[in-house]
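J.: The structure's right below; bear with me while I get my questions together.
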Amino acid sequence: MTKKNDTTPPATPVRRLVRQAVHLLLALATGLGSAGVGAGVGTGAASAGRDLVMPFSQLGQREAVMLKRGHQRQRLPFALRADEVVSSAVLQLDLAQSPMLAARTGALEVRLNGEVVARLGAPGTRGKTGSSHTVPLDPRLMLDQNELTLQLAEPVECDDPDGAGLWAQIRPTSSLHLVMSPLPLADDLSLLPAPFFDPRDPRRTELTLVLSPRASAATLQAAGHVASWFGALSAYRGVRVQARDRLPGGNAIVLATPEDAPAGMALPPMAGATVTIAPHPEQPQRKVLYLLGRNGEELHRAADALVRGQLPGHGSTALIDTLTTPAPRQAWDAPNWTPTHRPVRLDELVPAAAMSARDARPLDVDVAMRLPPDLFPWRERKVPVDLRVRYEARPDDAGATLRVRFNDVHQFEERLDPGLAGRWLDNLQRSIRGERDEALTHAARRNLRIPVATLGTQSYAHLALTLEHSVGDEAAECARESRTDTALDRPRSVIDGASTIDFSGAPHFLPMPDLAAFANTTHPYTRLADLAETAVVLPDQPSREDLDTYLTLMGRAGEATGLSARLVRVVHARSVAQVAGRDLIVIGSAGNQRLFADWAADMPFRDLAAVRAAEAAPASPPRAGRNLLPADIALPDWLRWVGKVWQREEYPALEALAFRGTDPQAALVGFESPLSSSRSVVGLMATTPASLSFITEALLDGSRLSQIHGHVTLFDESGRITAYSADATYASGDLPWLSWIRWKLSDRPVLLWAVLMLAILVLSGVIYLLLRRHAIRRHPGAST
């Protein structure tokens, strides 16, 4: 499915003139005037809009770049939101330059969208490690898509004896400082998802959904559908979703039916599944998107039309009559995940332009993949990579070097020697075509096998390929790179897009619980990208914090899969039996989610007071936990010793950790569903409703995700995260029968020896019978 606004259309001349006119009106209104390029843009208007700082490290330049002969230009593309215009722009340039270059007036040129905005001649502000230049930029030159270019003003001749001493180093600490002013948008559905989300904005998406405090399960399902779609759009940015019962000060999305209308809110007319965008009643420059229906089915249809991009091209209101039903999703087919059922070509993962280089610099290709977290890496399973490279080299080159790294682990390195074989035939063919014999085309193909054990449950994987040429001195390199005739005399490196990587041999199997997989990809719920086998269990009377947690989790699921959770079920605790066959996410706090007490004996995380209360209740008869022995049972030492010999433990058994309401804290806990074997439950529990934010804050913080793992992870108000692990109690996925037997026996040494002895006895018996039968045939008269 192609989502709207995933790509930015090119700016037309009419659109550029309109934006420049808007800039001019804003400048006149704020007293900025139409300052020229050479005049400094006033900074007194900084308070008139939003400050936006974009370091070069965020624009794609992560390391210092040297401008010198042979490499005289650095391009930095950047984009701006469609609902904002630039009121003020300043470039803060940090660089180091050679004394010879600093002595030349206007040696370094700054261009914005092809227009020269400055030529740096003065030394700038001196520092310990270089100089800093402040360059005002004309905001009228800013468009939706922009390119900032830094280049040497005059080309440096390669035979210039002083050329090697002319250089400038652009540092990634340089930054672009902008002041953004809001630009009102029309009430047009074709502009969606703007202004709620703009793909050009690198910040985390903040979304507010307005719901009734007593919203029905159908309304909550539609809200989760919308939240997960914005999570898929936001991707790496992340999305935080809040549920409110009244309009906030900014943009908002309202979901309502006649029975679930937020109190005191005037809704547009609803004659069916209705999608309407209108100005905010109190802030006309902001927008409110209404998703309405006369019942839950129509509301879900309105949300589905929004998510699937099936709204009319123009207009402020759409009435959705019917929608086609999408085909059922298959396991592990999420759009964001690299396919694991077939070999994948590298050109499916990397743009073709990024897999070739027409100069002598190393060709570095980073093949980024996102894999299901349940690929089973046991026993050093190998992943085949069919790698094909092509390169051109001069006869005096020393060849090329191919390096392969997987997840920052060195895998392969080989010197590709051009050799002389076939040169006469190449020369003959080139002579017939009238080409010069200054470059020979070479090809190499390598079949590699990379250990999949380096994957873990982080989901992200990187295959780094480097093809590096051995070239001559700097003058020769400069001459080579400065040639305008790119077909001659310039080494060319290409990673063939037909190269493949194949994960189809790795089975999907993961010992559970595994909170690291949940934190990174919302596994096992995202096994089906539309969450068709997932249910969220909310308290019978959910708080606002419960809804915030649920919606933010749906955003996380959409970010992981790239698809909306259109088939997720939402139920209250009293109706949990209706979703017994699904994987469950249980949300609540002490006192409002009774399932945490009802299922206490099945959880590795125990509140002893809640256990006693659950056992004393007539409706909840006492039962033994599956994961832990009761703490008050004393076993003889010899029996505990036999248990350890029978099954080797990787982790010690979890203690009965106390989870009491004395301090604000929260817990993320995983265990097997008490309602259905091999189904998973992940509980998000807190001592107070507000403490649930400790979990969502950690899930949205990429630097803290690695601290979430095991069976139980605790969070407190100081930001500390404590994880507890235990041996797996069940598994998600399937293994081939032989691998399953080996895996089961791997941590049971006594049973393993017993099976080996039994196999030896059986094999010995078979051999004895065969030999006995052979002896009888040789001596028919012998007695048996």
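Residues in the structure tokens are named by chain (A, B, ... in the order shown) and by number from 1 within that chain; ligands are numbered from 1 in the order shown.
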Among range 149-341 of chain A, which residues does DSSP mark as strand (DSSP E) when it is run on the backbone? Keep the chain and numbering as in the structure and answer as JSON, numbers by chain.
T.: {"A": [149, 150, 151, 152, 167, 168, 169, 170, 175, 176, 177, 178, 179, 180, 181, 182, 205, 206, 207, 208, 209, 210, 239, 240, 241, 242, 243, 244, 252, 253, 254, 255, 256, 273, 274, 275, 276, 277, 278, 279, 287, 288, 289, 290, 291, 292, 317, 318, 319, 320]}
J.: Would you mind exporting N, CA and C atoms of the selected residues as a short mmCIF file (atom, residue, chain, number, x, y, z; two decimals), in the first residue's frame?
T.:
data_model
loop_
_atom_site.label_atom_id
_atom_site.label_comp_id
_atom_site.auth_asym_id
_atom_site.auth_seq_id
_atom_site.Cartn_x
_atom_site.Cartn_y
_atom_site.Cartn_z
N THR A 149 25.39 24.19 -0.28
CA THR A 149 26.62 23.73 -0.93
C THR A 149 27.79 24.57 -0.47
N LEU A 150 28.86 23.93 -0.08
CA LEU A 150 30.12 24.58 0.27
C LEU A 150 31.17 24.11 -0.73
N GLN A 151 31.87 25.05 -1.34
CA GLN A 151 32.82 24.66 -2.36
C GLN A 151 33.94 25.69 -2.44
N LEU A 152 35.05 25.26 -3.01
CA LEU A 152 36.15 26.17 -3.30
C LEU A 152 35.73 27.08 -4.44
N TRP A 167 43.52 23.82 1.29
CA TRP A 167 42.46 22.93 1.77
C TRP A 167 41.63 23.64 2.83
N ALA A 168 40.42 23.14 2.99
CA ALA A 168 39.51 23.61 4.04
C ALA A 168 38.76 22.40 4.58
N GLN A 169 38.66 22.30 5.89
CA GLN A 169 38.00 21.17 6.53
C GLN A 169 36.69 21.65 7.17
N ILE A 170 35.57 21.11 6.69
CA ILE A 170 34.24 21.45 7.20
C ILE A 170 33.89 20.46 8.31
N SER A 175 26.39 24.30 11.92
CA SER A 175 24.94 24.16 12.08
C SER A 175 24.20 25.27 11.35
N LEU A 176 22.96 24.99 11.09
CA LEU A 176 22.04 25.92 10.44
C LEU A 176 21.00 26.33 11.46
N HIS A 177 20.86 27.63 11.72
CA HIS A 177 19.93 28.16 12.72
C HIS A 177 18.79 28.87 12.00
N LEU A 178 17.58 28.37 12.20
CA LEU A 178 16.41 28.93 11.53
C LEU A 178 15.37 29.33 12.57
N VAL A 179 14.60 30.36 12.23
CA VAL A 179 13.42 30.74 13.00
C VAL A 179 12.22 30.49 12.11
N MET A 180 11.34 29.58 12.54
CA MET A 180 10.22 29.14 11.74
C MET A 180 8.93 29.79 12.24
N SER A 181 8.14 30.29 11.31
CA SER A 181 6.83 30.88 11.62
C SER A 181 5.74 30.02 11.01
N PRO A 182 4.61 29.88 11.70
CA PRO A 182 3.54 29.01 11.19
C PRO A 182 2.93 29.56 9.92
N THR A 205 7.07 12.78 16.76
CA THR A 205 5.69 13.18 16.51
C THR A 205 4.90 13.19 17.82
N GLU A 206 4.23 14.29 18.07
CA GLU A 206 3.35 14.42 19.25
C GLU A 206 1.92 14.48 18.75
N LEU A 207 1.10 13.51 19.14
CA LEU A 207 -0.25 13.38 18.62
C LEU A 207 -1.24 13.36 19.78
N THR A 208 -2.35 14.08 19.62
CA THR A 208 -3.41 14.10 20.63
C THR A 208 -4.69 13.58 20.01
N LEU A 209 -5.26 12.54 20.61
CA LEU A 209 -6.55 12.00 20.21
C LEU A 209 -7.57 12.38 21.27
N VAL A 210 -8.70 12.94 20.84
CA VAL A 210 -9.75 13.36 21.75
C VAL A 210 -10.82 12.29 21.77
N VAL A 239 6.69 8.24 18.05
CA VAL A 239 5.44 8.98 18.22
C VAL A 239 4.95 8.79 19.65
N ARG A 240 4.56 9.88 20.27
CA ARG A 240 3.91 9.84 21.58
C ARG A 240 2.45 10.25 21.36
N VAL A 241 1.54 9.41 21.82
CA VAL A 241 0.12 9.65 21.62
C VAL A 241 -0.53 9.87 22.98
N GLN A 242 -1.33 10.91 23.07
CA GLN A 242 -2.04 11.23 24.30
C GLN A 242 -3.53 11.20 24.04
N ALA A 243 -4.28 10.72 25.02
CA ALA A 243 -5.74 10.71 24.95
C ALA A 243 -6.28 11.80 25.87
N ARG A 244 -7.16 12.64 25.34
CA ARG A 244 -7.76 13.72 26.11
C ARG A 244 -9.26 13.71 25.89
N ALA A 252 -5.39 18.41 16.77
CA ALA A 252 -5.95 17.25 17.46
C ALA A 252 -6.81 16.45 16.49
N ILE A 253 -7.03 15.18 16.84
CA ILE A 253 -7.91 14.27 16.09
C ILE A 253 -9.01 13.81 17.04
N VAL A 254 -10.26 13.98 16.62
CA VAL A 254 -11.41 13.63 17.44
C VAL A 254 -12.04 12.36 16.87
N LEU A 255 -12.25 11.35 17.72
CA LEU A 255 -12.96 10.13 17.33
C LEU A 255 -14.22 10.04 18.17
N ALA A 256 -15.36 9.93 17.52
CA ALA A 256 -16.62 9.97 18.28
C ALA A 256 -17.74 9.28 17.51
N ALA A 273 -20.01 7.04 7.93
CA ALA A 273 -18.57 7.13 8.21
C ALA A 273 -18.05 8.45 7.64
N THR A 274 -17.69 9.39 8.51
CA THR A 274 -17.39 10.76 8.11
C THR A 274 -15.98 11.14 8.52
N VAL A 275 -15.26 11.79 7.59
CA VAL A 275 -13.94 12.36 7.87
C VAL A 275 -14.01 13.84 7.51
N THR A 276 -13.73 14.70 8.49
CA THR A 276 -13.83 16.15 8.29
C THR A 276 -12.63 16.82 8.91
N ILE A 277 -12.06 17.81 8.23
CA ILE A 277 -11.00 18.63 8.79
C ILE A 277 -11.50 20.06 8.84
N ALA A 278 -11.25 20.73 9.97
CA ALA A 278 -11.77 22.06 10.20
C ALA A 278 -10.81 22.83 11.09
N PRO A 279 -10.91 24.17 11.11
CA PRO A 279 -10.05 24.94 12.01
C PRO A 279 -10.39 24.67 13.46
N LYS A 287 -5.53 22.85 13.37
CA LYS A 287 -6.54 22.02 12.70
C LYS A 287 -7.07 20.94 13.64
N VAL A 288 -8.34 20.58 13.38
CA VAL A 288 -8.98 19.46 14.08
C VAL A 288 -9.51 18.50 13.02
N LEU A 289 -9.10 17.24 13.12
CA LEU A 289 -9.58 16.20 12.21
C LEU A 289 -10.62 15.37 12.94
N TYR A 290 -11.82 15.30 12.39
CA TYR A 290 -12.92 14.57 13.00
C TYR A 290 -13.10 13.24 12.27
N LEU A 291 -13.03 12.14 13.01
CA LEU A 291 -13.37 10.80 12.51
C LEU A 291 -14.64 10.39 13.23
N LEU A 292 -15.74 10.29 12.47
CA LEU A 292 -17.05 10.14 13.08
C LEU A 292 -17.78 8.96 12.45
N THR A 317 -14.52 17.52 3.69
CA THR A 317 -15.35 16.46 4.27
C THR A 317 -15.48 15.32 3.29
N ALA A 318 -15.45 14.11 3.83
CA ALA A 318 -15.63 12.91 3.00
C ALA A 318 -16.57 11.96 3.72
N LEU A 319 -17.49 11.38 2.97
CA LEU A 319 -18.41 10.37 3.49
C LEU A 319 -18.02 9.04 2.87
N ILE A 320 -17.64 8.08 3.69
CA ILE A 320 -17.11 6.80 3.22
C ILE A 320 -18.24 5.78 3.21
#
J.: From the DSSP assignment of the backbone, select every residue of range 141-364 of chain A that is alpha helix (DSSP H), and format the answer as JSON, numbers by chain.
T.: {"A": [217, 218, 219, 220, 221, 222, 223, 224, 225, 226, 227, 228, 229, 230, 231, 232, 233, 234, 296, 297, 298, 299, 300, 301, 302, 303, 304, 305, 306, 307]}
J.: May I have the residues from that selection written out with N, CA, C and O atoms, as a CSV table (one decimal), in the first residue's frame?
T.:
chain,number,residue,atom,x,y,z
A,217,ALA,N,-15.2,-0.1,23.4
A,217,ALA,CA,-14.1,-0.8,22.9
A,217,ALA,C,-13.9,-0.6,21.4
A,217,ALA,O,-12.7,-0.5,20.9
A,218,ALA,N,-15.0,-0.4,20.7
A,218,ALA,CA,-14.9,-0.1,19.2
A,218,ALA,C,-14.2,1.2,19.0
A,218,ALA,O,-13.4,1.3,18.1
A,219,THR,N,-14.5,2.2,19.8
A,219,THR,CA,-13.9,3.5,19.6
A,219,THR,C,-12.4,3.4,19.9
A,219,THR,O,-11.5,4.0,19.3
A,220,LEU,N,-12.1,2.7,21.0
A,220,LEU,CA,-10.6,2.5,21.3
A,220,LEU,C,-9.9,1.8,20.3
A,220,LEU,O,-8.7,2.0,20.0
A,221,GLN,N,-10.5,0.8,19.6
A,221,GLN,CA,-9.8,0.1,18.5
A,221,GLN,C,-9.6,1.0,17.4
A,221,GLN,O,-8.5,1.0,16.8
A,222,ALA,N,-10.5,1.9,17.0
A,222,ALA,CA,-10.3,2.8,16.0
A,222,ALA,C,-9.1,3.8,16.4
A,222,ALA,O,-8.3,4.2,15.5
A,223,ALA,N,-9.1,4.2,17.6
A,223,ALA,CA,-8.0,5.1,18.1
A,223,ALA,C,-6.7,4.4,18.0
A,223,ALA,O,-5.7,5.0,17.6
A,224,GLY,N,-6.6,3.1,18.3
A,224,GLY,CA,-5.3,2.4,18.2
A,224,GLY,C,-4.9,2.2,16.7
A,224,GLY,O,-3.7,2.2,16.4
A,225,HIS,N,-5.9,2.1,15.9
A,225,HIS,CA,-5.7,2.0,14.4
A,225,HIS,C,-5.0,3.3,13.9
A,225,HIS,O,-4.0,3.2,13.2
A,226,VAL,N,-5.5,4.4,14.3
A,226,VAL,CA,-5.0,5.7,13.9
A,226,VAL,C,-3.6,5.9,14.5
A,226,VAL,O,-2.6,6.3,13.9
A,227,ALA,N,-3.5,5.6,15.8
A,227,ALA,CA,-2.2,5.8,16.5
A,227,ALA,C,-1.1,5.0,15.9
A,227,ALA,O,0.1,5.4,15.7
A,228,SER,N,-1.4,3.7,15.5
A,228,SER,CA,-0.3,2.9,14.9
A,228,SER,C,0.0,3.4,13.5
A,228,SER,O,1.2,3.2,13.0
A,229,TRP,N,-0.9,4.0,12.8
A,229,TRP,CA,-0.6,4.5,11.5
A,229,TRP,C,0.4,5.7,11.6
A,229,TRP,O,1.3,5.8,10.8
A,230,PHE,N,0.2,6.6,12.6
A,230,PHE,CA,1.1,7.6,12.8
A,230,PHE,C,2.5,7.1,13.2
A,230,PHE,O,3.5,7.7,12.9
A,231,GLY,N,2.5,6.0,14.0
A,231,GLY,CA,3.7,5.4,14.3
A,231,GLY,C,4.5,4.8,13.1
A,231,GLY,O,5.7,5.0,13.0
A,232,ALA,N,3.7,4.3,12.1
A,232,ALA,CA,4.3,3.8,10.9
A,232,ALA,C,4.9,5.0,10.1
A,232,ALA,O,6.0,4.9,9.5
A,233,LEU,N,4.2,6.1,10.0
A,233,LEU,CA,4.6,7.3,9.3
A,233,LEU,C,5.9,7.8,10.0
A,233,LEU,O,6.8,8.3,9.3
A,234,SER,N,5.9,7.9,11.3
A,234,SER,CA,7.0,8.6,12.0
A,234,SER,C,8.3,7.8,12.0
A,234,SER,O,9.3,8.4,12.0
A,296,GLY,N,-19.8,2.0,16.0
A,296,GLY,CA,-18.4,1.6,16.0
A,296,GLY,C,-17.9,1.1,14.7
A,296,GLY,O,-16.8,1.4,14.3
A,297,GLU,N,-18.8,0.4,13.9
A,297,GLU,CA,-18.4,-0.1,12.6
A,297,GLU,C,-18.1,1.1,11.6
A,297,GLU,O,-17.1,1.1,10.9
A,298,GLU,N,-18.9,2.1,11.6
A,298,GLU,CA,-18.7,3.3,10.8
A,298,GLU,C,-17.5,4.1,11.2
A,298,GLU,O,-16.8,4.6,10.4
A,299,LEU,N,-17.3,4.2,12.5
A,299,LEU,CA,-16.1,4.9,13.0
A,299,LEU,C,-14.8,4.2,12.5
A,299,LEU,O,-13.9,4.8,12.1
A,300,HIS,N,-14.8,2.9,12.6
A,300,HIS,CA,-13.7,2.1,12.2
A,300,HIS,C,-13.5,2.3,10.7
A,300,HIS,O,-12.3,2.3,10.2
A,301,ARG,N,-14.6,2.4,9.9
A,301,ARG,CA,-14.4,2.5,8.5
A,301,ARG,C,-13.8,3.9,8.1
A,301,ARG,O,-13.0,4.1,7.2
A,302,ALA,N,-14.2,4.9,8.9
A,302,ALA,CA,-13.7,6.3,8.7
A,302,ALA,C,-12.2,6.3,9.0
A,302,ALA,O,-11.4,6.8,8.2
A,303,ALA,N,-11.8,5.6,10.1
A,303,ALA,CA,-10.4,5.5,10.4
A,303,ALA,C,-9.6,4.7,9.4
A,303,ALA,O,-8.5,5.1,9.0
A,304,ASP,N,-10.2,3.7,8.9
A,304,ASP,CA,-9.6,2.8,7.9
A,304,ASP,C,-9.4,3.6,6.6
A,304,ASP,O,-8.3,3.4,5.9
A,305,ALA,N,-10.4,4.4,6.2
A,305,ALA,CA,-10.2,5.2,4.9
A,305,ALA,C,-9.1,6.2,5.1
A,305,ALA,O,-8.3,6.4,4.1
A,306,LEU,N,-8.9,6.8,6.3
A,306,LEU,CA,-7.8,7.7,6.5
A,306,LEU,C,-6.5,7.0,6.4
A,306,LEU,O,-5.5,7.4,5.7
A,307,VAL,N,-6.4,5.8,7.0
A,307,VAL,CA,-5.1,5.1,7.1
A,307,VAL,C,-4.7,4.6,5.7
A,307,VAL,O,-3.5,4.6,5.4
J.: For range 538-550 of chain A, list every protein, DNA or RNA residue within 10 Å, evaluated using only C-alpha atoms, and leave out those in the same chain fewer than 3 positions away; present the list as JSON, numbers by chain.
T.: {"A": [208, 209, 211, 213, 214, 215, 217, 220, 223, 224, 227, 240, 241, 242, 243, 244, 245, 535, 553, 554, 555, 556, 570, 571, 572, 573, 574, 575, 576, 585, 586, 587, 588, 589, 591, 592, 593, 594, 595, 684, 685, 688, 689, 690, 691, 692, 693, 695, 696, 697]}
J.: Point out the residue among A:Gly309, A:Gly683, A:Val755, A:Pro664 with the least atom-to-atom distance to Glu717 in chain A, counting only C-alpha atoms.
T.: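 That would be A:Pro664, the residue with the smallest distance to Glu717 in chain A.
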J.: Ranking A:Arg405, A:Arg286, A:Arg204, A:Arg308 by minimum distance to Asp701 in chain A and counting only C-alpha atoms, which one comes first?
T.: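 Ranking A:Arg405, A:Arg286, A:Arg204, A:Arg308 by distance to Asp701 in chain A, first place goes to A:Arg204.
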J.: Could you check the closest approach to Pro55 in chain A for each of A:Tyr460, A:Phe596, A:Phe78, A:Phe406 and tell me which residue wins, using only C-alpha atoms?
T.: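 Of the candidates, the smallest distance to Pro55 in chain A is held by A:Phe78.
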J.: Excluding range 109-119 of chain A and any residue of its chain fewer than 5 positions from it, enumerate the residues within 10 Å of it, using only C-alpha atoms, and give them as JSON, numbers by chain.
T.: {"A": [36, 37, 38, 73, 74, 75, 76, 77, 91, 135, 136, 137, 138, 141, 142, 143, 145, 146, 147, 148, 149, 150, 151, 152, 153, 154]}
J.: Within 10 Å of Ala194 in chain A, counting only C-alpha atoms, which residues qualify if same-chain residues fewer than 2 places away don't, as a list of chain:residue names?
T.: A:Asn5, A:Arg81, A:Ala82, A:Asp83, A:Leu185, A:Asp188, A:Leu189, A:Ser190, A:Leu191, A:Leu192, A:Phe196, A:Phe197, A:Asp198, A:Pro199, A:Lys287
J.: Please identify all polymer residues within 8 Å of Glu63 in chain A, counting only C-alpha atoms, omitting same-chain residues fewer than 4 positions from it, and present them as a ChimeraX atom specification.
T.: /A:57,171-172
J.: Between CA of Asn336 in chain A and CA of Pro362 in chain A, what is the spacing in Å?
T.: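 Separation between CA of Pro362 in chain A and CA of Asn336 in chain A: 29.0 Å.
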J.: One decimal, in Å: what's the spacing between CA of Thr324 in chain A and CA of Gln310 in chain A?
T.: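 Straight-line distance from CA of Thr324 in chain A to CA of Gln310 in chain A works out to 10.2 Å.
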J.: Which of these, A:Gly702, A:Gly710, A:Pro284, A:Pro343, has the shortest distance to Gly250 in chain A once you count only C-alpha atoms?
T.: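 Nearest candidate to Gly250 in chain A out of A:Gly702, A:Gly710, A:Pro284, A:Pro343: A:Pro284.
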J.: Write out as an MDAnalysis selection string the residues lying within 9 Å of Ile495 in chain A, counting only C-alpha atoms and excluding same-chain residues fewer than 5 positions away.
T.: chainID A and resid 346 352 355:356 363 365 387:391 465 467
J.: Next, dump the selected residues to file, keeping only all heavy atoms, as a CSV table (one decimal), in the first residue's frame.
T.:
chain,number,residue,atom,x,y,z
A,346,LEU,N,20.2,-7.1,-3.1
A,346,LEU,CA,20.6,-5.9,-2.4
A,346,LEU,C,20.0,-4.6,-2.9
A,346,LEU,O,19.8,-3.7,-2.2
A,346,LEU,CB,22.1,-5.8,-2.4
A,346,LEU,CG,22.9,-6.9,-1.7
A,346,LEU,CD1,24.4,-6.5,-1.6
A,346,LEU,CD2,22.4,-7.2,-0.3
A,352,ALA,N,20.2,2.1,-6.0
A,352,ALA,CA,21.2,1.7,-7.0
A,352,ALA,C,22.3,2.8,-7.0
A,352,ALA,O,23.5,2.4,-7.1
A,352,ALA,CB,20.6,1.6,-8.4
A,355,MET,N,25.2,2.3,-4.6
A,355,MET,CA,26.1,1.1,-4.7
A,355,MET,C,27.1,1.2,-5.8
A,355,MET,O,27.7,0.2,-6.3
A,355,MET,CB,25.2,-0.2,-5.0
A,355,MET,CG,24.3,-0.6,-3.8
A,355,MET,SD,23.6,-2.2,-4.0
A,355,MET,CE,22.4,-1.9,-5.3
A,356,SER,N,27.4,2.4,-6.2
A,356,SER,CA,28.4,2.7,-7.2
A,356,SER,C,29.2,3.9,-6.9
A,356,SER,O,28.6,4.8,-6.2
A,356,SER,CB,27.8,2.7,-8.6
A,356,SER,OG,26.9,3.8,-8.7
A,363,LEU,N,34.4,2.6,-2.0
A,363,LEU,CA,32.9,2.5,-2.1
A,363,LEU,C,32.5,1.8,-0.8
A,363,LEU,O,32.8,0.7,-0.5
A,363,LEU,CB,32.6,1.7,-3.3
A,363,LEU,CG,31.1,1.3,-3.4
A,363,LEU,CD1,30.2,2.5,-3.5
A,363,LEU,CD2,30.9,0.4,-4.6
A,365,VAL,N,29.2,0.7,1.2
A,365,VAL,CA,27.7,0.4,1.1
A,365,VAL,C,27.3,-0.2,2.4
A,365,VAL,O,27.8,-1.2,2.9
A,365,VAL,CB,27.4,-0.5,-0.1
A,365,VAL,CG1,25.9,-0.8,-0.1
A,365,VAL,CG2,27.9,0.1,-1.4
A,387,LEU,N,27.7,-12.5,-3.2
A,387,LEU,CA,28.2,-11.1,-3.4
A,387,LEU,C,28.9,-11.0,-4.7
A,387,LEU,O,29.8,-11.8,-5.0
A,387,LEU,CB,29.2,-10.7,-2.2
A,387,LEU,CG,29.7,-9.3,-2.2
A,387,LEU,CD1,28.5,-8.3,-2.1
A,387,LEU,CD2,30.6,-9.1,-1.1
A,388,ARG,N,28.4,-10.0,-5.5
A,388,ARG,CA,29.0,-9.8,-6.8
A,388,ARG,C,29.5,-8.3,-6.9
A,388,ARG,O,28.7,-7.4,-6.6
A,388,ARG,CB,28.0,-10.0,-7.9
A,388,ARG,CG,27.3,-11.4,-7.8
A,388,ARG,CD,26.2,-11.6,-8.8
A,388,ARG,NE,25.4,-12.7,-8.5
A,388,ARG,CZ,24.4,-13.2,-9.3
A,388,ARG,NH1,24.2,-12.6,-10.5
A,388,ARG,NH2,23.7,-14.2,-9.0
A,389,VAL,N,30.7,-8.1,-7.3
A,389,VAL,CA,31.2,-6.8,-7.5
A,389,VAL,C,31.9,-6.6,-8.9
A,389,VAL,O,32.3,-7.6,-9.5
A,389,VAL,CB,32.3,-6.5,-6.4
A,389,VAL,CG1,31.7,-6.6,-5.0
A,389,VAL,CG2,33.5,-7.4,-6.5
A,390,ARG,N,31.9,-5.4,-9.3
A,390,ARG,CA,32.6,-5.0,-10.6
A,390,ARG,C,33.4,-3.8,-10.3
A,390,ARG,O,33.0,-2.9,-9.5
A,390,ARG,CB,31.5,-4.8,-11.7
A,390,ARG,CG,30.6,-6.0,-12.0
A,390,ARG,CD,29.9,-5.7,-13.3
A,390,ARG,NE,29.2,-4.4,-13.4
A,390,ARG,CZ,28.0,-4.2,-12.9
A,390,ARG,NH1,27.3,-5.2,-12.4
A,390,ARG,NH2,27.5,-3.0,-13.1
A,391,TYR,N,34.5,-3.7,-11.0
A,391,TYR,CA,35.3,-2.5,-10.8
A,391,TYR,C,36.2,-2.3,-12.0
A,391,TYR,O,36.5,-3.3,-12.8
A,391,TYR,CB,36.2,-2.6,-9.5
A,391,TYR,CG,37.1,-3.8,-9.5
A,391,TYR,CD1,38.4,-3.7,-9.9
A,391,TYR,CD2,36.6,-5.0,-9.1
A,391,TYR,CE1,39.3,-4.8,-9.8
A,391,TYR,CE2,37.5,-6.1,-9.0
A,391,TYR,CZ,38.8,-6.0,-9.4
A,391,TYR,OH,39.7,-7.1,-9.3
A,465,LEU,N,29.7,-3.2,3.3
A,465,LEU,CA,30.6,-3.7,2.2
A,465,LEU,C,31.5,-2.5,1.8
A,465,LEU,O,31.0,-1.4,1.6
A,465,LEU,CB,29.7,-4.1,1.0
A,465,LEU,CG,28.6,-5.1,1.2
A,465,LEU,CD1,27.7,-5.3,0.0
A,465,LEU,CD2,29.2,-6.4,1.7
A,467,LEU,N,34.6,-1.6,-1.0
A,467,LEU,CA,35.5,-1.9,-2.1
A,467,LEU,C,36.4,-0.7,-2.3
A,467,LEU,O,36.0,0.4,-2.6
A,467,LEU,CB,34.7,-2.1,-3.4
A,467,LEU,CG,35.4,-2.7,-4.6
A,467,LEU,CD1,36.0,-4.0,-4.3
A,467,LEU,CD2,34.4,-2.8,-5.8
J.: Would you please work out which residue, of A:Met512, A:Leu247, A:Ala686, A:Ile501, is nearest to Leu267 in chain A when using only C-alpha atoms?
T.: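 Of A:Met512, A:Leu247, A:Ala686, A:Ile501, the one nearest Leu267 in chain A is A:Leu247, counting only C-alpha atoms.
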J.: Using only C-alpha atoms, pick whichever of A:Pro507, A:Lys68, A:Gln92, A:Pro604 has the shortest atom-to-atom distance to Pro377 in chain A.
T.: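 Closest candidate: A:Pro507.
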